[in-house]
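Trainee: One structure, as structure tokens, below. Some questions next.
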Amino acid sequence: MNNSVTNTARLLGAGLRALLVLTLVTGVIYPLVVTGIAQGLFPGRANGSEIKADGKVVGSSLIGQAYNLPLKKGQQTPEPDLKWFQGRPQNGLGHNSVNTQYKLIVSGATNLAADSKDLVQQVKDAQAAVIKDNSVPGHVVKPSDVPADAVTSSASGLDPNISPAYADLQVHRVAEKNNLPLAQVQKLVDEHTDGRTLGFIGEPRVNVLELNIALKDLAATK
Amino acid sequence: MGPVLAGVLQLLALMVALALAYVPLGTYMAKVYSSDKHWRVERWIYRAIGAHPNTEMRWPAYLRGVLAFSAVGVLFLYLLQRLQGVLPGSLGFSSIEPAQAFNTAASFVTNTNWQSYSGEQAMGHVVQTAGLAVQNFVSAAVGIAVAVALVRGFARSRTGELGNFWSDLVRGVTRILLPGAAIAAVVLVACGVIQNFSGIHEVGQFMGASQQWNGGAVASQEAIKELGTNGGGYFNANSAHPFENPTPFTNLFEIFLLLVIPFSLTRTFGVMVGSVKQGYAILAAMASIWVGFVTLMMWTEFSHHGPALQIAGGAMEGKEVRFGVGASSIFAVSTTLTSTGAVDSFHSSFTGLGGGIAMLGMMLGEIAPGGVGSGLYGMLIMAVIAVFIAGLMVGRTPEYLGKKIGTREIKLAACYILITPALVLIFASVSMALPTPPQSMLNSGAHGFSEVLYAFTSASNNNGSAFAGLNANTDWFNTMTGLAMLLGRFLPMIFVLALAGSLAEQKPVPVTAGTLRTEKPLFASLLVGAILIITGLTYFPALALGPLAEGLAS
């Protein structure tokens with residue numbers, strides 16, 4: 001009995017020493033070395049791919065943002081500022097966490113099921129809003145024109161991209177609100193559309209923040 | 001090019017990359033566990049541990065090493081979280097509550113990486129890098145060590161000695177996981193994954209004002225999280241978060257990382273038992289299940305059944321634009337057929353059948369190709385069962401790799417395949433029967449039940465992914481999934497090591513004309529059939545109440 005207790009203690013001691021020395025190797029030296037290499041070779045990327053407009057940092061090119069009007073008195077949710085290209089819907093998280101709404105400090109998805117009544121309602125509402133916001137005189141958006149990413153929430157709640165189809169859909173509205181010629185805005189979208197990597201990896205996409213920065217520049221030159 | 005074709009091409013590219021890595025990595029790992037040379041740094045580590053790396057261990061000693069090391073790991077990680085509030089470098093986060101700290105400690109030590117917390121709101125730099133990331137390395141190394149011990153059981157005769165646990169553990173870290181993770185981490189940073197130690201700070205936004213940012217050693221953790229099939233995200237959104245997985249390329253690269261060791265270990269197995277063809281047969285069984293599941297997942301996700309997805313015109317709820325449906329489907333299948341559980345899209349919002357495929361992948365026991373090490377030993381147990389079934393058909397004593405599969409061996413294999421389903425079904429049914437646990441469900445109806453079933457399937461099989469609508473941060477779920485993870489990891493390991501010991505003691509049986517040729521395609525097919533039938537019969541009633549009911553209704 002006494003012997004087995006001593007043996008167990010010796011074994012646990014060996015386990016603890018193994019854990020501590022491996023913690024030193026994989027939990028201290030490894031991350032510090034990788035950080036050193038990362039900060040030396042790719043400082044911009046290692047620190048979050050910050051992006052500037054007019055000399056000021058306006059966010060990360062990897063992280064989506066909200067483009068909303070300031071909250072009015074008594075309003076619960078802000079209205080989108082239709083001057084700018086809009087990202088994916090900001091429905092936020094399910095009940096187990098705090099609402100995201102493009103806040104970097106909380107990431108996550110709605111986790112609603114494909115047959116959820118709540119999700120059906122969210123998608124319908126988003127579809128109606130996209131149609132209403134983007135139908136301008138002389139250009140009516142049909143429900144079949146609205147792509148799936150325009151009416152669904154992303155996985156991270158921070159999706160920086162929209163599909164080219166959703167960007168194209170917003171061109172008429174953005175051109176009108178900014179008093180810009182349609183062709184110029186469309187050209188801007190085309191320039192900011194990234195194809196699949198090597199032609200087959202991932203999906204074509206438009207980075208909304210980069211597009212809006214370019215739009216701001218274009219509008220300023222007018 | 002359409003998205004379906006792009007998805008198929010991404011799958012093919014992945015297969016080519018895995019095939020290129022197979023022989024060099026598999027052969028290298030066989031050398032790692034067969035060499036009698038110690039690196040100098042390893043000698044220092046052995047001296048610190050006080051272990052003699054050349055001492056051979058029989059299975060009880062090997063098992064005691066595994067259990068002692070893991071027990072210390074749980075305790076250390078628990079205390080680290082409980083003390084977070086007073087540790088420096090914690091970003092001002094407070095200590096983790098006892099139930100959640102137990103859950104997280106059990107989760108990371110068992111290679112599950114189930115998370116009932118949101119990383120960016122709960123864990124500071126010290127707990128992430130010196131606690132969670134360390135277990136990402138060592139829990140993976142323990143898994144490979146146990147698999148290698150089983151392989152030695154097949155390869156050795158008349159001994160009962162299975163190698164030295166401390167040596168296998170240390171070599172797995174120093175020679176496989178650490179170099180691999182270091183290279184992968186630099187690749188990830190080059191593509192935009194963050195790697196810094198800044199605190200929570202304000203950054204300007206396009207519309208004015210600012211938002212809070214949190215830094216972190218993300219790339220270094222992301223690399224080992226995938227390579228070690230761990231899956232615990234630095235952030236709540238896991239590999240969907242742009243700072244963890246910024247581009248379509250990093251997405252494919254991360255899928256490659258989580259598959260490369262489990263697949264290549266079949267080569268290691270082949271080399272160590274002296275017939276690489278035996279490794280190919282196991283590989284063929286794993287790969288055909290994986291490709292089959294990816295095909296099914298792409299089919300159901302691209303056809304986007306389910307009322308909300310039909311109205312939206314595509315299964316993009318809970319998916320990122322840069323990955324799309326195709327790459328998200330490949331990730332979802334790869335993460336649930338291994339023990340990874342990282343996600344680049346949220347499985348709860350997949351089609352009903354898509355969620356079912358993810359669940360079934362885990363229910364197979366995560367053996368196609370499975371977690372690092374655990375996939376190989378799980379698949380070898382199934383091979384023993386398949387050999388036994390074949391033996392019954394022809395009325396011959398079953399043999400596998402020159403070892404008789406007798407009463408003791410088949411009892412141990414049977415215990416192995418029974419323990420996990422028992423854990424899943426008992427924990428899930430008790431949770432459903434009690435009044436409070438079902439209140440954690442986000443969705444109602446069949447999908448609500450699926451959330452609970454998914455949780456215990458994921459925990460008991462050490463996966464870690466979730467139908468994340470479930471509020472798992474309750475005392476019940478923290479405690480019960482914590483127990484399910486510990487029992488689901490270590491009970492099977494006992495049976496594996498006991499089996500390994502029993503095989504290593506045998507003297508080899510000569511190959512005769514009547515021996516079942518386990519390196520042939522016929523056996524690989526029999527193996528796949530045995531896996532699907534056993535899992536199908538075990539889980540069909542539970543699946544029928546959850547994902548099948550949801551999927552067939554839409």
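Ligands are numbered from 1 in the order shown, chains are lettered A, B, ... in the order of the structure tokens, and residues start at 1 in each chain.
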May I have all residues of chain A that DSSP, computed from the backbone, assigns to alpha helix (DSSP H), given as an mmCIF file with N, CA and C atoms, in the first residue's frame?

Mentor:
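Saved result, out-v7.cif, follows:
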data_model
loop_
_atom_site.group_PDB
_atom_site.id
_atom_site.type_symbol
_atom_site.label_atom_id
_atom_site.label_comp_id
_atom_site.auth_asym_id
_atom_site.auth_seq_id
_atom_site.Cartn_x
_atom_site.Cartn_y
_atom_site.Cartn_z
ATOM 1 N N ASN A 2 1.712 1.317 1.051
ATOM 2 C CA ASN A 2 2.613 2.444 1.157
ATOM 3 C C ASN A 2 3.455 2.589 -0.101
ATOM 4 N N ASN A 3 3.878 1.412 -0.600
ATOM 5 C CA ASN A 3 4.709 1.381 -1.783
ATOM 6 C C ASN A 3 3.985 1.968 -2.995
ATOM 7 N N SER A 4 2.696 1.593 -3.138
ATOM 8 C CA SER A 4 1.952 2.051 -4.323
ATOM 9 C C SER A 4 1.682 3.552 -4.237
ATOM 10 N N VAL A 5 1.494 4.054 -3.012
ATOM 11 C CA VAL A 5 1.311 5.505 -2.867
ATOM 12 C C VAL A 5 2.582 6.235 -3.295
ATOM 13 N N THR A 6 3.726 5.732 -2.863
ATOM 14 C CA THR A 6 4.994 6.353 -3.253
ATOM 15 C C THR A 6 5.172 6.305 -4.758
ATOM 16 N N ASN A 7 4.836 5.151 -5.349
ATOM 17 C CA ASN A 7 4.988 5.029 -6.799
ATOM 18 C C ASN A 7 4.096 6.010 -7.534
ATOM 19 N N THR A 8 2.846 6.133 -7.064
ATOM 20 C CA THR A 8 1.924 7.062 -7.709
ATOM 21 C C THR A 8 2.450 8.482 -7.594
ATOM 22 N N ALA A 9 2.943 8.831 -6.423
ATOM 23 C CA ALA A 9 3.472 10.180 -6.215
ATOM 24 C C ALA A 9 4.654 10.428 -7.137
ATOM 25 N N ARG A 10 5.513 9.416 -7.271
ATOM 26 C CA ARG A 10 6.679 9.574 -8.134
ATOM 27 C C ARG A 10 6.245 9.773 -9.589
ATOM 28 N N LEU A 11 5.230 9.006 -9.994
ATOM 29 C CA LEU A 11 4.733 9.093 -11.365
ATOM 30 C C LEU A 11 4.105 10.461 -11.644
ATOM 31 N N LEU A 12 3.294 10.929 -10.674
ATOM 32 C CA LEU A 12 2.674 12.249 -10.857
ATOM 33 C C LEU A 12 3.738 13.342 -10.884
ATOM 34 N N GLY A 13 4.780 13.146 -10.088
ATOM 35 C CA GLY A 13 5.890 14.107 -10.099
ATOM 36 C C GLY A 13 6.551 14.151 -11.470
ATOM 37 N N ALA A 14 6.768 12.982 -12.049
ATOM 38 C CA ALA A 14 7.356 12.923 -13.391
ATOM 39 C C ALA A 14 6.426 13.602 -14.396
ATOM 40 N N GLY A 15 5.112 13.345 -14.265
ATOM 41 C CA GLY A 15 4.137 13.974 -15.152
ATOM 42 C C GLY A 15 4.177 15.484 -15.041
ATOM 43 N N LEU A 16 4.274 15.977 -13.804
ATOM 44 C CA LEU A 16 4.301 17.429 -13.599
ATOM 45 C C LEU A 16 5.560 18.037 -14.204
ATOM 46 N N ARG A 17 6.691 17.380 -13.980
ATOM 47 C CA ARG A 17 7.937 17.916 -14.547
ATOM 48 C C ARG A 17 7.881 17.901 -16.075
ATOM 49 N N ALA A 18 7.315 16.829 -16.636
ATOM 50 C CA ALA A 18 7.179 16.760 -18.097
ATOM 51 C C ALA A 18 6.302 17.898 -18.600
ATOM 52 N N LEU A 19 5.195 18.138 -17.892
ATOM 53 C CA LEU A 19 4.281 19.199 -18.325
ATOM 54 C C LEU A 19 4.969 20.560 -18.253
ATOM 55 N N LEU A 20 5.703 20.798 -17.165
ATOM 56 C CA LEU A 20 6.335 22.110 -17.009
ATOM 57 C C LEU A 20 7.390 22.346 -18.079
ATOM 58 N N VAL A 21 8.192 21.337 -18.363
ATOM 59 C CA VAL A 21 9.255 21.545 -19.346
ATOM 60 C C VAL A 21 8.654 21.671 -20.753
ATOM 61 N N LEU A 22 7.590 20.916 -21.035
ATOM 62 C CA LEU A 22 6.945 21.055 -22.344
ATOM 63 C C LEU A 22 6.167 22.366 -22.453
ATOM 64 N N THR A 23 5.681 22.874 -21.306
ATOM 65 C CA THR A 23 5.044 24.191 -21.319
ATOM 66 C C THR A 23 6.060 25.267 -21.676
ATOM 67 N N TYR A 30 8.050 28.659 -28.136
ATOM 68 C CA TYR A 30 7.434 28.570 -29.469
ATOM 69 C C TYR A 30 6.628 29.822 -29.838
ATOM 70 N N PRO A 31 5.674 30.251 -29.002
ATOM 71 C CA PRO A 31 4.916 31.447 -29.413
ATOM 72 C C PRO A 31 5.784 32.700 -29.502
ATOM 73 N N LEU A 32 6.803 32.805 -28.633
ATOM 74 C CA LEU A 32 7.665 33.994 -28.702
ATOM 75 C C LEU A 32 8.497 33.995 -29.976
ATOM 76 N N VAL A 33 9.020 32.834 -30.360
ATOM 77 C CA VAL A 33 9.811 32.759 -31.595
ATOM 78 C C VAL A 33 8.930 33.078 -32.805
ATOM 79 N N VAL A 34 7.737 32.488 -32.836
ATOM 80 C CA VAL A 34 6.829 32.757 -33.967
ATOM 81 C C VAL A 34 6.457 34.240 -34.000
ATOM 82 N N THR A 35 6.213 34.823 -32.826
ATOM 83 C CA THR A 35 5.886 36.255 -32.782
ATOM 84 C C THR A 35 7.058 37.084 -33.301
ATOM 85 N N GLY A 36 8.289 36.700 -32.909
ATOM 86 C CA GLY A 36 9.460 37.417 -33.382
ATOM 87 C C GLY A 36 9.564 37.375 -34.899
ATOM 88 N N ILE A 37 9.407 36.188 -35.465
ATOM 89 C CA ILE A 37 9.482 36.049 -36.929
ATOM 90 C C ILE A 37 8.354 36.850 -37.583
ATOM 91 N N ALA A 38 7.145 36.715 -37.025
ATOM 92 C CA ALA A 38 5.977 37.381 -37.609
ATOM 93 C C ALA A 38 6.144 38.893 -37.595
ATOM 94 N N GLN A 39 6.593 39.419 -36.449
ATOM 95 C CA GLN A 39 6.738 40.870 -36.339
ATOM 96 C C GLN A 39 7.904 41.363 -37.188
ATOM 97 N N GLY A 40 8.911 40.513 -37.387
ATOM 98 C CA GLY A 40 10.039 40.903 -38.205
ATOM 99 C C GLY A 40 9.715 40.887 -39.691
ATOM 100 N N LEU A 41 9.042 39.838 -40.139
ATOM 101 C CA LEU A 41 8.804 39.669 -41.577
ATOM 102 C C LEU A 41 7.506 40.307 -42.062
ATOM 103 N N PRO A 43 5.061 42.607 -40.283
ATOM 104 C CA PRO A 43 4.482 43.355 -39.157
ATOM 105 C C PRO A 43 3.036 43.796 -39.418
ATOM 106 N N GLY A 44 2.744 44.229 -40.661
ATOM 107 C CA GLY A 44 1.389 44.701 -40.953
ATOM 108 C C GLY A 44 0.356 43.615 -40.745
ATOM 109 N N ARG A 45 0.662 42.439 -41.273
ATOM 110 C CA ARG A 45 -0.311 41.351 -41.191
ATOM 111 C C ARG A 45 -0.404 40.786 -39.784
ATOM 112 N N ALA A 46 0.753 40.682 -39.109
ATOM 113 C CA ALA A 46 0.732 40.120 -37.765
ATOM 114 C C ALA A 46 -0.063 40.999 -36.808
ATOM 115 N N LYS A 117 -38.335 29.171 -37.549
ATOM 116 C CA LYS A 117 -39.273 30.240 -37.918
ATOM 117 C C LYS A 117 -38.608 31.605 -37.790
ATOM 118 N N ASP A 118 -37.763 31.742 -36.767
ATOM 119 C CA ASP A 118 -37.045 33.012 -36.584
ATOM 120 C C ASP A 118 -36.177 33.316 -37.793
ATOM 121 N N LEU A 119 -35.472 32.275 -38.258
ATOM 122 C CA LEU A 119 -34.569 32.501 -39.395
ATOM 123 C C LEU A 119 -35.370 32.820 -40.658
ATOM 124 N N VAL A 120 -36.478 32.101 -40.857
ATOM 125 C CA VAL A 120 -37.331 32.382 -42.018
ATOM 126 C C VAL A 120 -37.737 33.861 -41.998
ATOM 127 N N GLN A 121 -38.128 34.350 -40.807
ATOM 128 C CA GLN A 121 -38.549 35.739 -40.690
ATOM 129 C C GLN A 121 -37.390 36.691 -40.959
ATOM 130 N N GLN A 122 -36.216 36.370 -40.391
ATOM 131 C CA GLN A 122 -35.038 37.224 -40.608
ATOM 132 C C GLN A 122 -34.697 37.329 -42.090
ATOM 133 N N VAL A 123 -34.746 36.183 -42.780
ATOM 134 C CA VAL A 123 -34.389 36.173 -44.200
ATOM 135 C C VAL A 123 -35.412 36.975 -45.003
ATOM 136 N N LYS A 124 -36.706 36.770 -44.681
ATOM 137 C CA LYS A 124 -37.757 37.529 -45.387
ATOM 138 C C LYS A 124 -37.593 39.028 -45.170
ATOM 139 N N ASP A 125 -37.360 39.422 -43.917
ATOM 140 C CA ASP A 125 -37.186 40.845 -43.605
ATOM 141 C C ASP A 125 -35.981 41.422 -44.343
ATOM 142 N N ALA A 126 -34.886 40.647 -44.326
ATOM 143 C CA ALA A 126 -33.674 41.132 -44.992
ATOM 144 C C ALA A 126 -33.906 41.273 -46.486
ATOM 145 N N GLN A 127 -34.632 40.302 -47.058
ATOM 146 C CA GLN A 127 -34.908 40.352 -48.494
ATOM 147 C C GLN A 127 -35.749 41.588 -48.844
ATOM 148 N N ALA A 128 -36.783 41.827 -48.013
ATOM 149 C CA ALA A 128 -37.648 42.989 -48.258
ATOM 150 C C ALA A 128 -36.838 44.285 -48.159
ATOM 151 N N ALA A 129 -35.935 44.330 -47.170
ATOM 152 C CA ALA A 129 -35.127 45.546 -46.991
ATOM 153 C C ALA A 129 -34.177 45.757 -48.164
ATOM 154 N N VAL A 130 -33.568 44.690 -48.633
ATOM 155 C CA VAL A 130 -32.642 44.813 -49.772
ATOM 156 C C VAL A 130 -33.391 45.316 -51.005
ATOM 157 N N ILE A 131 -34.597 44.772 -51.220
ATOM 158 C CA ILE A 131 -35.385 45.184 -52.392
ATOM 159 C C ILE A 131 -35.784 46.651 -52.271
ATOM 160 N N LYS A 132 -36.248 47.048 -51.079
ATOM 161 C CA LYS A 132 -36.703 48.425 -50.876
ATOM 162 C C LYS A 132 -35.533 49.410 -51.013
ATOM 163 N N ASP A 133 -34.430 49.093 -50.366
ATOM 164 C CA ASP A 133 -33.295 50.020 -50.363
ATOM 165 C C ASP A 133 -32.673 50.182 -51.746
ATOM 166 N N ASN A 134 -32.678 49.119 -52.519
ATOM 167 C CA ASN A 134 -31.932 49.153 -53.776
ATOM 168 C C ASN A 134 -32.782 49.408 -55.005
ATOM 169 N N PRO A 164 -19.977 39.363 -55.536
ATOM 170 C CA PRO A 164 -20.063 40.364 -56.608
ATOM 171 C C PRO A 164 -21.522 40.651 -56.987
ATOM 172 N N ALA A 165 -22.373 39.630 -56.909
ATOM 173 C CA ALA A 165 -23.781 39.842 -57.265
ATOM 174 C C ALA A 165 -24.438 40.863 -56.335
ATOM 175 N N TYR A 166 -24.111 40.779 -55.031
ATOM 176 C CA TYR A 166 -24.712 41.718 -54.088
ATOM 177 C C TYR A 166 -24.137 43.125 -54.274
ATOM 178 N N ALA A 167 -22.853 43.208 -54.617
ATOM 179 C CA ALA A 167 -22.258 44.515 -54.877
ATOM 180 C C ALA A 167 -22.898 45.149 -56.115
ATOM 181 N N ASP A 168 -23.058 44.338 -57.168
ATOM 182 C CA ASP A 168 -23.669 44.856 -58.404
ATOM 183 C C ASP A 168 -25.076 45.384 -58.133
ATOM 184 N N LEU A 169 -25.785 44.643 -57.268
ATOM 185 C CA LEU A 169 -27.159 45.019 -56.950
ATOM 186 C C LEU A 169 -27.231 46.406 -56.310
ATOM 187 N N GLN A 170 -26.167 46.797 -55.604
ATOM 188 C CA GLN A 170 -26.191 48.068 -54.868
ATOM 189 C C GLN A 170 -25.704 49.255 -55.705
ATOM 190 N N VAL A 171 -25.212 48.964 -56.917
ATOM 191 C CA VAL A 171 -24.572 50.015 -57.713
ATOM 192 C C VAL A 171 -25.529 51.162 -58.030
ATOM 193 N N HIS A 172 -26.766 50.833 -58.462
ATOM 194 C CA HIS A 172 -27.717 51.889 -58.829
ATOM 195 C C HIS A 172 -27.977 52.835 -57.658
ATOM 196 N N ARG A 173 -28.217 52.215 -56.496
ATOM 197 C CA ARG A 173 -28.519 53.007 -55.296
ATOM 198 C C ARG A 173 -27.335 53.891 -54.903
ATOM 199 N N VAL A 174 -26.168 53.291 -54.860
ATOM 200 C CA VAL A 174 -24.982 54.041 -54.429
ATOM 201 C C VAL A 174 -24.698 55.184 -55.396
ATOM 202 N N ALA A 175 -24.832 54.937 -56.685
ATOM 203 C CA ALA A 175 -24.597 55.978 -57.682
ATOM 204 C C ALA A 175 -25.564 57.137 -57.461
ATOM 205 N N GLU A 176 -26.834 56.812 -57.232
ATOM 206 C CA GLU A 176 -27.833 57.863 -57.060
ATOM 207 C C GLU A 176 -27.570 58.673 -55.793
ATOM 208 N N LYS A 177 -27.329 57.972 -54.687
ATOM 209 C CA LYS A 177 -27.153 58.663 -53.404
ATOM 210 C C LYS A 177 -25.908 59.559 -53.409
ATOM 211 N N LEU A 182 -23.452 56.085 -63.079
ATOM 212 C CA LEU A 182 -23.595 54.645 -62.858
ATOM 213 C C LEU A 182 -22.347 53.886 -63.300
ATOM 214 N N ALA A 183 -21.846 54.259 -64.483
ATOM 215 C CA ALA A 183 -20.726 53.511 -65.060
ATOM 216 C C ALA A 183 -19.491 53.586 -64.170
ATOM 217 N N GLN A 184 -19.279 54.771 -63.548
ATOM 218 C CA GLN A 184 -18.097 54.921 -62.695
ATOM 219 C C GLN A 184 -18.172 54.035 -61.454
ATOM 220 N N VAL A 185 -19.375 53.965 -60.875
ATOM 221 C CA VAL A 185 -19.541 53.131 -59.673
ATOM 222 C C VAL A 185 -19.401 51.659 -60.047
ATOM 223 N N GLN A 186 -19.993 51.293 -61.176
ATOM 224 C CA GLN A 186 -19.876 49.897 -61.620
ATOM 225 C C GLN A 186 -18.407 49.536 -61.864
ATOM 226 N N LYS A 187 -17.659 50.488 -62.431
ATOM 227 C CA LYS A 187 -16.245 50.243 -62.705
ATOM 228 C C LYS A 187 -15.486 50.028 -61.390
ATOM 229 N N LEU A 188 -15.876 50.829 -60.396
ATOM 230 C CA LEU A 188 -15.256 50.705 -59.075
ATOM 231 C C LEU A 188 -15.479 49.302 -58.490
ATOM 232 N N VAL A 189 -16.727 48.825 -58.623
ATOM 233 C CA VAL A 189 -17.049 47.490 -58.110
ATOM 234 C C VAL A 189 -16.231 46.437 -58.849
ATOM 235 N N ASP A 190 -16.164 46.577 -60.177
ATOM 236 C CA ASP A 190 -15.413 45.593 -60.959
ATOM 237 C C ASP A 190 -13.950 45.566 -60.556
ATOM 238 N N GLU A 191 -13.391 46.748 -60.305
ATOM 239 C CA GLU A 191 -11.985 46.813 -59.897
ATOM 240 C C GLU A 191 -11.757 46.164 -58.526
ATOM 241 N N VAL A 208 -15.877 45.055 -48.780
ATOM 242 C CA VAL A 208 -16.763 46.210 -48.658
ATOM 243 C C VAL A 208 -16.010 47.448 -48.158
ATOM 244 N N LEU A 209 -15.104 47.260 -47.170
ATOM 245 C CA LEU A 209 -14.387 48.412 -46.629
ATOM 246 C C LEU A 209 -13.495 49.050 -47.701
ATOM 247 N N GLU A 210 -12.756 48.223 -48.424
ATOM 248 C CA GLU A 210 -11.878 48.760 -49.471
ATOM 249 C C GLU A 210 -12.693 49.456 -50.553
ATOM 250 N N LEU A 211 -13.861 48.851 -50.879
ATOM 251 C CA LEU A 211 -14.721 49.455 -51.894
ATOM 252 C C LEU A 211 -15.251 50.811 -51.431
ATOM 253 N N ASN A 212 -15.654 50.895 -50.173
ATOM 254 C CA ASN A 212 -16.186 52.154 -49.661
ATOM 255 C C ASN A 212 -15.118 53.234 -49.550
ATOM 256 N N ILE A 213 -13.882 52.834 -49.221
ATOM 257 C CA ILE A 213 -12.791 53.810 -49.188
ATOM 258 C C ILE A 213 -12.572 54.377 -50.589
ATOM 259 N N ALA A 214 -12.577 53.490 -51.593
ATOM 260 C CA ALA A 214 -12.405 53.943 -52.977
ATOM 261 C C ALA A 214 -13.572 54.824 -53.403
ATOM 262 N N LEU A 215 -14.766 54.470 -52.948
ATOM 263 C CA LEU A 215 -15.962 55.264 -53.276
ATOM 264 C C LEU A 215 -15.857 56.658 -52.678
ATOM 265 N N LYS A 216 -15.358 56.724 -51.444
ATOM 266 C CA LYS A 216 -15.208 58.018 -50.775
ATOM 267 C C LYS A 216 -14.240 58.903 -51.558
ATOM 268 N N ASP A 217 -13.140 58.302 -52.007
ATOM 269 C CA ASP A 217 -12.169 59.052 -52.813
ATOM 270 C C ASP A 217 -12.803 59.564 -54.097
ATOM 271 N N LEU A 218 -13.578 58.668 -54.741
ATOM 272 C CA LEU A 218 -14.219 59.034 -56.005
ATOM 273 C C LEU A 218 -15.197 60.193 -55.794
ATOM 274 N N ALA A 219 -15.995 60.075 -54.733
ATOM 275 C CA ALA A 219 -16.990 61.114 -54.452
ATOM 276 C C ALA A 219 -16.291 62.447 -54.127
ATOM 277 N N ALA A 220 -15.131 62.367 -53.443
ATOM 278 C CA ALA A 220 -14.415 63.581 -53.057
ATOM 279 C C ALA A 220 -13.841 64.317 -54.270
ATOM 280 N N THR A 221 -13.470 63.568 -55.319
ATOM 281 C CA THR A 221 -12.889 64.211 -56.497
ATOM 282 C C THR A 221 -13.941 64.907 -57.347
#

Trainee: Write out as a list in words the set of residues from segment 47-295 of chain B that DSSP, computed on the backbone, places in strand (DSSP E).

Mentor: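 Reading the DSSP output for segment 47-295 of chain B, strand (DSSP E) covers His201, Glu202, Val203, Gly204, Ser210, Gln211, Gln212 and Trp213 of chain B.
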
Trainee: Show me, as a PyMOL selection string, the residues that have an atom within 9 Å of segment 436-449 of chain B when counting only C-alpha atoms, minus same-chain residues fewer than 4 positions from it.

Mentor: (chain A and resi 94-96+111-113+115-116) or (chain B and resi 348+352+428+431-432+453-454+468-474+476-477+545-550)

Trainee: Nearest to Asn207 of chain A among B:Gly208, B:Ile200, B:Val321, B:Met359, with distances taken over only C-alpha atoms: which residue is it?

Mentor: B:Val321

Trainee: For Ala181 of chain B, work out the shell of residues within 9 Å, counting only C-alpha atoms and skipping chain neighbours fewer than 2 positions away, then give it as a list in words.

Mentor: Ile176, Leu177, Leu178, Pro179, Ile183, Ala184, Ala185, Val186, Ser220, Gln221, Glu222, Ala223, Ile224, Lys225, Glu226, Leu227 and Gly228 of chain B

Trainee: Would you write out those residues with C-alpha atoms, as an mmCIF file, in the first residue's frame?

Mentor:
data_model
loop_
_atom_site.group_PDB
_atom_site.id
_atom_site.type_symbol
_atom_site.label_atom_id
_atom_site.label_comp_id
_atom_site.auth_asym_id
_atom_site.auth_seq_id
_atom_site.Cartn_x
_atom_site.Cartn_y
_atom_site.Cartn_z
ATOM 1 C CA ILE B 176 6.721 16.173 -35.475
ATOM 2 C CA LEU B 177 4.326 18.708 -33.996
ATOM 3 C CA LEU B 178 6.665 21.563 -33.093
ATOM 4 C CA PRO B 179 8.521 21.806 -36.438
ATOM 5 C CA ILE B 183 6.320 26.293 -40.402
ATOM 6 C CA ALA B 184 2.518 26.390 -40.632
ATOM 7 C CA ALA B 185 2.319 29.366 -38.260
ATOM 8 C CA VAL B 186 4.647 31.459 -40.406
ATOM 9 C CA SER B 220 1.036 29.989 -33.426
ATOM 10 C CA GLN B 221 -2.080 28.521 -31.833
ATOM 11 C CA GLU B 222 -4.034 28.157 -35.076
ATOM 12 C CA ALA B 223 -1.217 26.085 -36.606
ATOM 13 C CA ILE B 224 -1.122 23.484 -33.827
ATOM 14 C CA LYS B 225 -4.897 23.642 -33.405
ATOM 15 C CA GLU B 226 -5.263 22.194 -36.912
ATOM 16 C CA LEU B 227 -2.089 20.081 -37.097
ATOM 17 C CA GLY B 228 -2.876 18.388 -33.775
#

Trainee: Write out as a list in words which residues come within 7 Å of Gly279 of chain B when counting only C-alpha atoms, dropping same-chain ones fewer than 2 positions away.

Mentor: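 So, after excluding close chain neighbours, the residues are Thr266, Arg267, Phe269, Gly270, Val276, Lys277, Ala281, Ile282 and Leu283 of chain B.
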
Trainee: Can I get the selection written as a PDB file, in the first residue's frame, with C-alpha atoms?

Mentor:
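Done, and the output landed in selection_39.pdb:
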ATOM      1  CA  THR B 266      -1.323   4.783 -41.943  1.00  0.00           C
ATOM      2  CA  ARG B 267       2.028   4.862 -43.741  1.00  0.00           C
ATOM      3  CA  PHE B 269       1.740   1.889 -39.407  1.00  0.00           C
ATOM      4  CA  GLY B 270       2.603   0.084 -42.661  1.00  0.00           C
ATOM      5  CA  VAL B 276       3.250  -0.692 -46.417  1.00  0.00           C
ATOM      6  CA  LYS B 277       0.400  -2.414 -48.284  1.00  0.00           C
ATOM      7  CA  ALA B 281      -5.645  -0.882 -47.091  1.00  0.00           C
ATOM      8  CA  ILE B 282      -6.371   1.150 -43.941  1.00  0.00           C
ATOM      9  CA  LEU B 283      -5.786   4.375 -45.902  1.00  0.00           C
TER      10      LEU B 283
END

Trainee: Any idea what the distance is between atom CA of Asn136 of chain B and atom CA of Gln195 of chain B?

Mentor: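 We find that atom CA of Asn136 of chain B and atom CA of Gln195 of chain B lie 17.2 Å from each other.
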
Trainee: So that I can check the surroundings of Leu158 of chain A, please list as number ranges by chain every protein, DNA and RNA residue that reaches within 10 Å of it, counting only C-alpha atoms and ignoring chain neighbours fewer than 6 positions away.

Mentor: A: 62-66, 87-88, 90, 92, 100-104, 106-109; B: 237, 240-243, 320
